[in-house]
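Some notes on the structure that comes next.
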Amino acid sequence: MSTDPDLLYSEEEEALRAAVRDLLTDHCDAAGVLARAETDTPYDPALWKSLADGMGLAGLLVPEEWGGQGATHREAAVVLEELGRFVAPVPYLTSAVVATEALLACAGEGTGGTGEAGEIEAAVGLLARLASGRTIGVLAVPLHLGADAAHPAVRVENGALHGEVTGVADAAVADVLLVPAQDGALYAVDAGDATVTPQVSLDLTRPLAEVALDGARASRLGRAESAVRRALRAAAGLLASEQLGIADWALTETVAYLKERKQFNRPVGGFQALKHRLAQVWLEVVHLRAAARAAADALATGEDTDVTTAVAQAYAAPAAVHAVEEALQLHGGIGMTWEHPVHLYLKRAKADSIAYGTAGAHREALAALVDLRPPA
């Protein structure tokens with residue numbers, strides 16, 4: 001029986017938000033993120049250790065019996081909101097959500113895994129390593145692909161993998177790569193057995209890379225199709241929460257700035273035209289919050305997941321980009337400088353707008369799901 005989604009935050013979720021925000025406030029300031037983005041190592045391993053190992057956030061989606069926290073997508077969404085608010089350079093989405101969801105599909109999560117007993121055992125063991133935060137896993141699929149899109153698969157020859165996959169997010173920091181192969185299976189590959197080459201990427205805080213495999217040794221985990229689809233669907237649904245954090249930051253910072261900035265001896269925020277623009281952004285952020293919370297709740301309960309995820313991503317991408325574009329413009333000249341962090345948020349929002357399926361792709365998927373196809 002279908003129930004209405006719970007869009008409100010529980011007391012536990014608000015407490016989790018406060019704890020994550022306090023940690024990020026102390027260890028993820030904008031100047032530090034920008035300084036890292038200008039180097040060859042944009043990731044912050046100390047911050048990741050604090051989040052994943054210290055707070056146990058890497059294992060939120062992993063059942064307790066497999067070494068995780070046994071939480072739900074609702075809690076993971078709260079974490080992603082805060083990570084988006086700080087554009088934190090950590091592989092939470094790619095490892096603690098995408099790779100974890102793929103492994104949960106292989107392990108079966110109590111429903112009988114997608115592979116043989118040995119494969120399920122291997123998936124469970126890898127889940128425990130990811131949940132500890134000491135191992136980072138990345139699904140070797142291009143960042144722009146949605147759950148229903150065809151994904152590249154590498155060749156299997158004599159038990160070894162051969163081929164290349166481009167546009168893989170966070171591959172440079174991965175310890176383990178989860179690689180779909182042409183035989184229909186998902187394999188685990190030690191990142192040291194692959195050649196990872198950085199690619200030019202718009203978002204400096206979530207770099208892309210090409211993964212090349214030339215006879216890499218691999219362990220079979222289960223069927224790739226169901227694992228990849230589950231992982232990318234969860235990624236799209238929870239990405240909306242990261243986009244919410246980005247948009248909410250943009251609105252909050254812009255309002256604060258316009259209250260302080262003066263022109264003609266009065267605060268700029270007092271001008272009616274700017275009030276109207278901010279009011280529009282506020283409405284979009286409110287709607288985005290509802291869509292993101294609905295997607296997180298649907299993933300947690302398993303009800304109307306495909307439809308709710310498609311709705312969230314169809315709305316989230318343009319809303320987040322618009323919020324940061326307005327922030328950039330309304331900050332005036334200072335917003336155009338490299339030293340101001342708004343460009344980091346704009347690049348993350350633009351990169352997120354094509355991650356795990358574009359808004360247009362999700363609208364097309366939604367039309368098919370609810371039988372609203374365009375006229376022939």
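In the structure tokens, chains take letters A, B, ... by order of appearance, with residues numbered from 1 within each chain and ligands from 1 in the order shown.
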Hey, what's within 6 Å of A:Pro180 if we count only C-alpha atoms and toss same-chain stuff fewer than 2 positions away? As a PyMOL selection string, please? chain A and resi 153+185-186+224
Based on the selection just made, write N, CA, C and O atoms of those residues as a PDB file, in the first residue's frame.
ATOM      1  N   ALA A 153      31.456  -1.634 -21.292  1.00  0.00           N
ATOM      2  CA  ALA A 153      31.898  -2.846 -20.611  1.00  0.00           C
ATOM      3  C   ALA A 153      33.234  -3.277 -21.203  1.00  0.00           C
ATOM      4  O   ALA A 153      33.451  -3.178 -22.410  1.00  0.00           O
ATOM      5  N   ALA A 185      29.070  -9.544 -16.028  1.00  0.00           N
ATOM      6  CA  ALA A 185      29.400  -9.582 -14.609  1.00  0.00           C
ATOM      7  C   ALA A 185      30.052  -8.280 -14.164  1.00  0.00           C
ATOM      8  O   ALA A 185      30.580  -7.509 -14.976  1.00  0.00           O
ATOM      9  N   LEU A 186      30.008  -8.067 -12.868  1.00  0.00           N
ATOM     10  CA  LEU A 186      30.693  -6.935 -12.246  1.00  0.00           C
ATOM     11  C   LEU A 186      31.918  -7.482 -11.532  1.00  0.00           C
ATOM     12  O   LEU A 186      31.828  -8.458 -10.784  1.00  0.00           O
ATOM     13  N   ALA A 224      26.266  -7.507 -13.453  1.00  0.00           N
ATOM     14  CA  ALA A 224      26.535  -6.076 -13.566  1.00  0.00           C
ATOM     15  C   ALA A 224      25.276  -5.262 -13.812  1.00  0.00           C
ATOM     16  O   ALA A 224      25.121  -4.167 -13.262  1.00  0.00           O
TER      17      ALA A 224
END
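Within the 6 Å cut-off around stretch 307-315 of chain A, using only C-alpha atoms and omitting residues fewer than 5 positions from it on the same chain, the listed residues are A:Gly237, A:Ala291, A:Ala292, A:Ala295, A:Ala359, A:His362, A:Arg363, A:Leu366.
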Quick one: residues within 10 Å of A:Leu239, only C-alpha atoms counted, chain neighbours fewer than 5 positions away excluded, as a ChimeraX atom specification? /A:77,80-81,84,93,97,233-234,244-245,292,295-296,309,312-313,316-317,352-353,355-356
Could you check how far atom CA of A:Ala365 sits from atom CA of A:Leu145, in Å to one decimal?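 For atom CA of A:Ala365 relative to atom CA of A:Leu145, the distance reads 13.2 Å.
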Would you return as a ChimeraX atom specification the members of stretch 77-181 of chain A that DSSP assigns to alpha helix (DSSP H) on this structure's backbone? /A:77-85,100-107,117-132
Output file for the selection above: C-alpha atoms, as a tab-separated table (two decimals), in the first residue's frame:
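For reference, out-v4.tsv as written:
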chain	number	residue	atom	x	y	z
A	77	ALA	CA	20.84	12.63	1.88
A	78	VAL	CA	21.39	14.87	4.91
A	79	VAL	CA	25.13	14.22	4.71
A	80	LEU	CA	25.15	15.05	1.00
A	81	GLU	CA	23.29	18.31	1.63
A	82	GLU	CA	26.08	19.44	3.92
A	83	LEU	CA	28.84	18.20	1.63
A	84	GLY	CA	27.22	20.18	-1.19
A	85	ARG	CA	26.99	23.25	1.02
A	100	THR	CA	28.16	0.75	-2.00
A	101	GLU	CA	24.80	0.40	-3.76
A	102	ALA	CA	26.38	-1.71	-6.51
A	103	LEU	CA	27.89	-4.03	-3.90
A	104	LEU	CA	24.60	-4.22	-1.99
A	105	ALA	CA	22.94	-5.44	-5.18
A	106	CYS	CA	25.61	-8.11	-5.60
A	107	ALA	CA	25.40	-9.13	-1.95
A	117	ALA	CA	28.03	-17.99	-2.84
A	118	GLY	CA	31.70	-17.09	-3.25
A	119	GLU	CA	30.82	-13.93	-5.17
A	120	ILE	CA	28.31	-12.84	-2.54
A	121	GLU	CA	30.92	-13.42	0.16
A	122	ALA	CA	33.42	-11.29	-1.77
A	123	ALA	CA	30.85	-8.49	-2.16
A	124	VAL	CA	30.04	-8.56	1.56
A	125	GLY	CA	33.73	-8.45	2.46
A	126	LEU	CA	34.29	-5.47	0.19
A	127	LEU	CA	31.23	-3.73	1.65
A	128	ALA	CA	32.75	-4.00	5.12
A	129	ARG	CA	35.96	-2.40	3.85
A	130	LEU	CA	34.06	0.47	2.23
A	131	ALA	CA	31.92	0.94	5.34
A	132	SER	CA	35.05	1.38	7.46
When you look at stretch 251-262 of chain A with a cut-off of 9 Å (counting only C-alpha atoms), what residues show up, excluding the ones that are within fewer than 3 positions of it in the same chain? I need them as an NGL selection string. :A and (246-248 or 265-270 or 274 or 278 or 281-282 or 285 or 323-324 or 326-328 or 330-331)
